[in-house]
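A.B. asks: Sharing a structure with you now.
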Amino acid sequence: MWKRLTLALGLCLWLAACGDASTPTAAPTATAVTATDPATQVLRAKASPTLAAVKARGWLACGVHPGLAGFAFADEKGAWRGFDVDVCRAVAAAVLGDAKAVRFTAIPAQDRFAALNGGKIDLLSRNTSWTLARDAGGLDFPVVTYFDGQGFLAPRALALASADELNGARICVQAGTASQDNLADYFKLRGLSYRPVVVATEVEARDTYQAEGCDAFTADISALASARSLMNSPNAHVILPTVISKEPLGPVVRQDDPAWTDIVRWSVYGLMLGEELKLNAANVAKARDTSPDPRVRRLLGVESDLGPRLGLKPDWAFQALHQVGAYDEVFRRNLGQGSALKLERGLNALWNAPQPGLHYPPPVR
């Protein structure tokens, strides 16, 4: 009898559980995942209004620095050149198949975000630091293209060993930049004094410094190297070893078009992956035809549908690499040993370089 009661009680409990809609069902195990599971499905590319506008007009509107040697400047023939300029060209090659399909707008620091949010440009590619306030203020930073930090340029004759020795000095700094706040924070934290000489542009800062209107000049180290290369006697000035901030620089887009953010991000990562896979402008065509490496074949669109997931053609990365070059080529000709700046890769080396840096592009798969 007790066995019959126990069986009946178990049956009642089982029926009650089946009939109670509020009782949670057991979580599916790994074996329950099938080919229809959403995680295994090909995701459809989200429509990008910016991409549609760029394709409709046939060119990319890119905002750049008015004139920063190595990063963005118009040469004697009026052609734009530089590291940030090449980022724009890579995006144009990926999106339109033509790295020349770009119209550049020179934008001062104080106007750059208004121009972007106002729709005057599709992409801002000028020395702009990724910060929380900017990221939360309607802007998106798809990728870091150059890891930098703020430093100080001073006359070699002063034989300074540190920025701490600038106590009481006159320091040139550009208005409307993060450099102003970083400078104030650094000296306040150390109980030091300084006299800010606030100027409107980097050109004015350089000229004021050369004319001895200030004792030192502070900006991103890359900008200081650029300014020094244009001075009357570059070797008479040194960049002090003190680095007072982190400045992750990269392109900026509006925050209301996440699909466009992805396109800009992967256009840059495509150049970095090209370097990682030993591709360059000269060999990428042959690699597309002959490489057995599945990573190369996916990146170049030979055996993947990854381009269409971005709303682009399968050969998006091939076009960027073939027309602009891999990241190391872009760096070398604009900032490195092939340029007047002669900057070392440093933090801007790939993660797997002999002297590793911070660039770690995600896999294309």
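Following the order of the structure tokens, first chain is A, next is B, and so on, with residues numbered from 1 inside each chain and ligands from 1 in the order they appear.
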Where does DSSP see helix (DSSP H, G or I) in stretch 41-112 of chain A, if you list the residues as number ranges by chain?
C.D. replies: A: 49-57, 83-96, 109-112
A.B. asks: Please return as a list of chain:residue names: the residues of stretch 225-334 of chain A that backbone DSSP assigns to strand (DSSP E or B).
C.D. replies: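 DSSP on the backbone gives strand (DSSP E or B) at A:His237, A:Val238, A:Ile239, A:Glu247, A:Pro248, A:Leu249, A:Val252, A:Val253, A:Arg254.
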A.B. asks: Please produce a file of those selected residues containing C-alpha atoms, as a PDB file, in the first residue's frame.
C.D. replies:
```pdb
ATOM      1  CA  HIS A 237      65.060  71.057 -29.522  1.00  0.00           C
ATOM      2  CA  VAL A 238      64.322  67.862 -27.596  1.00  0.00           C
ATOM      3  CA  ILE A 239      61.188  66.041 -26.525  1.00  0.00           C
ATOM      4  CA  GLU A 247      46.273  59.570 -25.753  1.00  0.00           C
ATOM      5  CA  PRO A 248      44.657  56.811 -27.827  1.00  0.00           C
ATOM      6  CA  LEU A 249      44.149  58.505 -31.196  1.00  0.00           C
ATOM      7  CA  VAL A 252      35.712  59.343 -35.024  1.00  0.00           C
ATOM      8  CA  VAL A 253      32.161  58.843 -36.316  1.00  0.00           C
ATOM      9  CA  ARG A 254      28.664  59.730 -35.177  1.00  0.00           C
TER      10      ARG A 254
END
```
A.B. asks: I'd like to know which of A:Lys100, A:Lys120, A:Arg265, A:Lys246 is closest to A:Trp59, using only C-alpha atoms.
C.D. replies: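 Looking at the shortest contact to A:Trp59, the residue is A:Lys100.
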A.B. asks: Which residue gives the smallest distance to A:Lys286 among A:Trp266, A:Tyr194, A:Tyr209, A:Phe318, with only C-alpha atoms counted?
C.D. replies: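 Closest to A:Lys286, using only C-alpha atoms: A:Phe318.
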A.B. asks: Could you list, as a list in words, every residue within 7 Å of stretch 92-96 of chain A, counting only C-alpha atoms and ignoring same-chain residues fewer than 5 positions away?
C.D. replies: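 Counting only the stated atoms, we get Lys55, Leu60, Ala101, Val102, Ser267, Leu312, Trp316, Ala317, Gln319 and Ala320 of chain A.
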A.B. asks: Limited to all heavy atoms, could you put the picked residues into a file as a PDB file, in the first residue's frame?
C.D. replies:
```pdb
ATOM      1  N   LYS A  55      27.767  55.996 -50.823  1.00  0.00           N
ATOM      2  CA  LYS A  55      27.635  55.313 -52.114  1.00  0.00           C
ATOM      3  C   LYS A  55      26.836  56.148 -53.111  1.00  0.00           C
ATOM      4  O   LYS A  55      27.167  56.205 -54.297  1.00  0.00           O
ATOM      5  CB  LYS A  55      26.970  53.956 -51.916  1.00  0.00           C
ATOM      6  CG  LYS A  55      27.882  52.908 -51.282  1.00  0.00           C
ATOM      7  CD  LYS A  55      27.176  51.557 -51.196  1.00  0.00           C
ATOM      8  CE  LYS A  55      28.113  50.471 -50.714  1.00  0.00           C
ATOM      9  NZ  LYS A  55      27.420  49.150 -50.636  1.00  0.00           N
ATOM     10  N   LEU A  60      33.731  59.859 -50.206  1.00  0.00           N
ATOM     11  CA  LEU A  60      33.734  59.938 -48.748  1.00  0.00           C
ATOM     12  C   LEU A  60      34.120  61.339 -48.322  1.00  0.00           C
ATOM     13  O   LEU A  60      35.099  61.904 -48.812  1.00  0.00           O
ATOM     14  CB  LEU A  60      34.740  58.927 -48.192  1.00  0.00           C
ATOM     15  CG  LEU A  60      34.984  58.929 -46.682  1.00  0.00           C
ATOM     16  CD1 LEU A  60      33.780  58.323 -45.954  1.00  0.00           C
ATOM     17  CD2 LEU A  60      36.257  58.139 -46.343  1.00  0.00           C
ATOM     18  N   ALA A 101      38.569  58.304 -53.955  1.00  0.00           N
ATOM     19  CA  ALA A 101      37.209  58.860 -53.878  1.00  0.00           C
ATOM     20  C   ALA A 101      36.959  59.475 -52.502  1.00  0.00           C
ATOM     21  O   ALA A 101      36.062  59.059 -51.760  1.00  0.00           O
ATOM     22  CB  ALA A 101      36.181  57.774 -54.181  1.00  0.00           C
ATOM     23  N   VAL A 102      37.778  60.460 -52.159  1.00  0.00           N
ATOM     24  CA  VAL A 102      37.672  61.160 -50.874  1.00  0.00           C
ATOM     25  C   VAL A 102      37.756  62.656 -51.122  1.00  0.00           C
ATOM     26  O   VAL A 102      38.562  63.113 -51.931  1.00  0.00           O
ATOM     27  CB  VAL A 102      38.820  60.767 -49.912  1.00  0.00           C
ATOM     28  CG1 VAL A 102      38.584  61.385 -48.536  1.00  0.00           C
ATOM     29  CG2 VAL A 102      38.973  59.274 -49.804  1.00  0.00           C
ATOM     30  N   SER A 267      37.882  48.483 -41.625  1.00  0.00           N
ATOM     31  CA  SER A 267      38.752  49.012 -42.676  1.00  0.00           C
ATOM     32  C   SER A 267      40.166  49.208 -42.131  1.00  0.00           C
ATOM     33  O   SER A 267      41.154  48.924 -42.821  1.00  0.00           O
ATOM     34  CB  SER A 267      38.202  50.333 -43.213  1.00  0.00           C
ATOM     35  OG  SER A 267      36.963  50.154 -43.856  1.00  0.00           O
ATOM     36  N   LEU A 312      29.529  45.543 -47.525  1.00  0.00           N
ATOM     37  CA  LEU A 312      30.571  45.834 -48.506  1.00  0.00           C
ATOM     38  C   LEU A 312      30.751  44.658 -49.461  1.00  0.00           C
ATOM     39  O   LEU A 312      30.234  43.568 -49.241  1.00  0.00           O
ATOM     40  CB  LEU A 312      31.899  46.129 -47.791  1.00  0.00           C
ATOM     41  CG  LEU A 312      31.878  47.207 -46.713  1.00  0.00           C
ATOM     42  CD1 LEU A 312      33.255  47.345 -46.086  1.00  0.00           C
ATOM     43  CD2 LEU A 312      31.408  48.537 -47.280  1.00  0.00           C
ATOM     44  N   TRP A 316      36.631  43.958 -50.047  1.00  0.00           N
ATOM     45  CA  TRP A 316      36.821  45.225 -49.349  1.00  0.00           C
ATOM     46  C   TRP A 316      38.244  45.382 -48.803  1.00  0.00           C
ATOM     47  O   TRP A 316      38.877  46.430 -48.980  1.00  0.00           O
ATOM     48  CB  TRP A 316      35.822  45.355 -48.196  1.00  0.00           C
ATOM     49  CG  TRP A 316      35.970  44.296 -47.155  1.00  0.00           C
ATOM     50  CD1 TRP A 316      35.470  43.018 -47.208  1.00  0.00           C
ATOM     51  CD2 TRP A 316      36.706  44.381 -45.931  1.00  0.00           C
ATOM     52  NE1 TRP A 316      35.849  42.309 -46.085  1.00  0.00           N
ATOM     53  CE2 TRP A 316      36.595  43.109 -45.283  1.00  0.00           C
ATOM     54  CE3 TRP A 316      37.422  45.397 -45.310  1.00  0.00           C
ATOM     55  CZ2 TRP A 316      37.195  42.846 -44.058  1.00  0.00           C
ATOM     56  CZ3 TRP A 316      38.025  45.139 -44.077  1.00  0.00           C
ATOM     57  CH2 TRP A 316      37.899  43.874 -43.467  1.00  0.00           C
ATOM     58  N   ALA A 317      38.757  44.341 -48.133  1.00  0.00           N
ATOM     59  CA  ALA A 317      40.091  44.434 -47.538  1.00  0.00           C
ATOM     60  C   ALA A 317      41.173  44.386 -48.612  1.00  0.00           C
ATOM     61  O   ALA A 317      42.195  45.067 -48.499  1.00  0.00           O
ATOM     62  CB  ALA A 317      40.306  43.313 -46.531  1.00  0.00           C
ATOM     63  N   GLN A 319      40.993  45.652 -51.582  1.00  0.00           N
ATOM     64  CA  GLN A 319      41.076  46.980 -52.179  1.00  0.00           C
ATOM     65  C   GLN A 319      41.850  47.945 -51.276  1.00  0.00           C
ATOM     66  O   GLN A 319      42.680  48.731 -51.751  1.00  0.00           O
ATOM     67  CB  GLN A 319      39.676  47.520 -52.465  1.00  0.00           C
ATOM     68  CG  GLN A 319      38.902  46.743 -53.511  1.00  0.00           C
ATOM     69  CD  GLN A 319      39.548  46.800 -54.881  1.00  0.00           C
ATOM     70  OE1 GLN A 319      40.378  47.663 -55.169  1.00  0.00           O
ATOM     71  NE2 GLN A 319      39.168  45.860 -55.745  1.00  0.00           N
ATOM     72  N   ALA A 320      41.582  47.901 -49.978  1.00  0.00           N
ATOM     73  CA  ALA A 320      42.282  48.794 -49.046  1.00  0.00           C
ATOM     74  C   ALA A 320      43.778  48.488 -49.023  1.00  0.00           C
ATOM     75  O   ALA A 320      44.620  49.403 -49.066  1.00  0.00           O
ATOM     76  CB  ALA A 320      41.686  48.677 -47.654  1.00  0.00           C
TER      77      ALA A 320
END
```
